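Engineer: This is the structure I have questions about; it appears just below.
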Amino acid sequence: MSAQDQEDVYFSTNPPPRHLEAHAAQARAFIDAHAAAGRRVVLVTSGGTTVPLEKQTVRFIDNFSAGTRGATSAEYFLEAGYAVIFLHREFSLTPYARHFSHATTGGFLDFLEVGQGGGVSARPDVSAKMTEILSRYHTARTENLLLSIPFVTIGDYLHELRAISRLMASLGPRGLLYLAAAVSDFFVPPERMAEHKIQSTDLGRRAQQAAAAAAAGQDPSGTDSPKQDSEEEEFDNFDSSPRVPRSKRLIIDLDPVPKLLLNLVDGWAPRGMVSSFKLETDPTILVTKARYSLERYQHHLVIGNLLATRKWEVVFVSPGREDNWLRVKRRGKEWTDEDVKRLRQGEVPKEEPGEEIERFIIPAVKDLHDQHIKANA
Ligand code: PAZ
């Protein structure tokens, strides 16, 4: 099947999110305003996509991403003069709020106190930091430099990504797509998705069958009557785990999510600069996989990172250039060759990073974007 056919099939069979049109209208107005002002616009994607197992979703598959990379990058892009469309997983980290919303030392309310006059104010020890971050946030909002658009499921994400990327096309080479979201590779297609909560017991399953038979005008007594768990018969133990009968397992059959990056690069935003992230856990394949992705999708930059060390080091892989490793400084220590070797093998230093690696990533991406604009003007 051609890439276009795959795209058509996916988008015609997977329903769009409820607010797609409203989000596209917001994105259009945002892009038009900044294009008119000659400002660059970056689409930052951030956080993980869910894979629902039921249409009325109780359960879903998720991934680890909290959206730190995306939210932090968005701040540095704003600092670098970009207008930012922040397409993010709902309730994941967001620019500026992230400094207080997900602190390991406490919740948001822990940063506040009630003053003597009864009003609420920042705790004195965080007041200076909060004032500074709040003022950066207010500038971004009042100057209309930050547009936040949420998604939840993989389907929502792909619909939103396509709609916004197509709008970004009007920016030509001045548009930048920075794809940092952790996007699921597998999903349950709608035709195989259960409508209701998947039942974990035979009792529930048989009750569902009886109800369906009754609704179809059949005799519900023709279906087996519900049994209690303890009465369940054991079916074949077809594999290596005979203690768990097959009838009690939840076997999830997932289809691959179509690879739409090629469609994005060729069709949705053909003149913009497209940078994607590649996440691996095995250090021996990171660069090979990043290079493979670059060749397969013919875009402009893949930023490789390992799950364990992603806050310490990333590698830029781009056409016609040497691999470029970016690394943060250590607190009160210099990197030795041995330290770097260990880091590259996925060994995490004991202390926290001395700074945010996005401080280095964004200027390096901007540099490549400058070159992209010059080459495509
Ligand atoms: O959200 P986070 O900061 O915890 O993680 C960021 C990341 C590892 C999801 C991102 O840097 C990344 O690699 N995104 C692409 C993942 C992928 O290969 O699909």
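Following the order of the structure tokens, chains are lettered A, B, ..., residues in each are numbered from 1, and ligands are numbered from 1.
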Within 9 Å of ligand 1, counting only C-alpha atoms and all ligand atoms, which protein or nucleic acid residues do you find, written as JSON, numbers by chain?

Structural biologist: {"A": [45, 46, 47, 48, 63, 64, 65, 66, 67, 68, 69, 70, 71, 72, 92, 93, 179, 180, 181, 182, 183, 184, 185, 276, 277, 278, 279, 280, 303, 304, 305, 306, 307, 310, 311, 314]}

Engineer: I'd like the neighbourhood of segment 283-290 of chain A as a count of residues only, where a residue qualifies if any of its atoms comes within 12 Å (using only C-alpha atoms), though same-chain residues fewer than 3 positions away should be ignored.

Structural biologist: 42

Engineer: May I have the residues within 8 Å of segment 102-115 of chain A as a PyMOL selection string, using only C-alpha atoms and disregarding those fewer than 5 positions away in the same chain?

Structural biologist: chain A and resi 93+120-123+126

Engineer: Within 12 Å of Tyr137 of chain A, counting only C-alpha atoms, which residues show up once you throw out same-chain ones fewer than 2 positions away? Write them as a VMD selection string, please.

Structural biologist: chain A and resid 74 to 75 78 to 79 94 to 99 130 to 135 139 to 147

Engineer: Would you save the residues of that selection, restricted to N, CA and C atoms, as a compact mmCIF listing (two decimals), in the first residue's frame?

Structural biologist:
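Final file, part-v4.txt:
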```txt
# COMPACT_ATOMS: atom_id res chain seq x y z
N ALA A 74 10.08 24.06 24.69
CA ALA A 74 9.19 25.17 24.32
C ALA A 74 9.68 26.47 24.97
N GLU A 75 10.10 26.40 26.22
CA GLU A 75 10.60 27.62 26.89
C GLU A 75 11.84 28.17 26.18
N LEU A 78 10.97 29.83 22.93
CA LEU A 78 10.42 31.19 23.16
C LEU A 78 11.56 32.16 23.41
N GLU A 79 12.52 31.71 24.21
CA GLU A 79 13.68 32.56 24.52
C GLU A 79 14.47 32.89 23.24
N THR A 94 3.83 21.37 31.28
CA THR A 94 3.65 22.49 30.35
C THR A 94 4.72 23.55 30.63
N PRO A 95 5.04 24.37 29.61
CA PRO A 95 6.09 25.38 29.79
C PRO A 95 5.77 26.28 30.99
N TYR A 96 6.76 26.65 31.72
CA TYR A 96 6.69 27.54 32.90
C TYR A 96 6.02 26.87 34.11
N ALA A 97 4.80 26.38 33.96
CA ALA A 97 4.14 25.73 35.10
C ALA A 97 4.97 24.53 35.57
N ARG A 98 5.71 23.90 34.66
CA ARG A 98 6.46 22.69 35.00
C ARG A 98 7.39 22.90 36.19
N HIS A 99 7.85 24.14 36.38
CA HIS A 99 8.80 24.39 37.47
C HIS A 99 8.17 24.17 38.84
N MET A 130 9.66 32.33 41.33
CA MET A 130 8.29 32.33 40.81
C MET A 130 8.00 33.63 40.06
N THR A 131 8.48 34.74 40.60
CA THR A 131 8.25 36.05 39.95
C THR A 131 8.88 36.04 38.56
N GLU A 132 10.09 35.52 38.49
CA GLU A 132 10.82 35.53 37.22
C GLU A 132 10.11 34.64 36.19
N ILE A 133 9.68 33.45 36.62
CA ILE A 133 9.04 32.52 35.69
C ILE A 133 7.65 33.03 35.30
N LEU A 134 6.95 33.57 36.28
CA LEU A 134 5.62 34.11 36.00
C LEU A 134 5.71 35.24 34.98
N SER A 135 6.76 36.06 35.10
CA SER A 135 6.85 37.19 34.19
C SER A 135 7.17 36.69 32.77
N THR A 139 4.62 37.25 29.57
CA THR A 139 5.07 37.81 28.28
C THR A 139 4.63 36.89 27.14
N ALA A 140 4.87 35.59 27.31
CA ALA A 140 4.49 34.64 26.25
C ALA A 140 2.99 34.71 25.98
N ARG A 141 2.20 34.82 27.04
CA ARG A 141 0.74 34.85 26.86
C ARG A 141 0.27 36.18 26.29
N THR A 142 0.75 37.29 26.88
CA THR A 142 0.21 38.57 26.44
C THR A 142 0.68 38.91 25.02
N GLU A 143 1.84 38.42 24.63
CA GLU A 143 2.30 38.67 23.26
C GLU A 143 1.85 37.56 22.30
N ASN A 144 1.00 36.69 22.79
CA ASN A 144 0.43 35.62 21.95
C ASN A 144 1.52 34.77 21.29
N LEU A 145 2.52 34.39 22.08
CA LEU A 145 3.65 33.64 21.52
C LEU A 145 3.54 32.14 21.78
N LEU A 146 2.56 31.76 22.59
CA LEU A 146 2.47 30.35 22.98
C LEU A 146 1.02 29.88 22.82
N LEU A 147 0.84 28.89 21.96
CA LEU A 147 -0.50 28.30 21.79
C LEU A 147 -0.42 26.85 22.25
```

Engineer: Run DSSP on the backbone and grab whatever in segment 57-197 of chain A lands in alpha helix (DSSP H); send it over as an MDAnalysis selection string.

Structural biologist: chainID A and resid 68:79 98:101 124:142 154:168

Engineer: Record the distance separating atom CA of Gln218 of chain A and atom CA of Ile251 of chain A, expressed in Å with one decimal.

Structural biologist: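 The value is 28.4 Å.
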
Engineer: Considering only C-alpha atoms, state which residue in the set A:Asn263, A:Gln371, A:Gln208, A:Gln116 is at the smallest distance from Ala3 of chain A.

Structural biologist: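 The closest residue to Ala3 of chain A is A:Asn263.
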
Engineer: Just the residues within 10 Å of Leu43 of chain A, please, counting only C-alpha atoms, with nothing from its chain fewer than 3 positions along; format it as a ChimeraX atom specification.

Structural biologist: /A:46,74,82-87,147,161,164-165,168,175-180,274
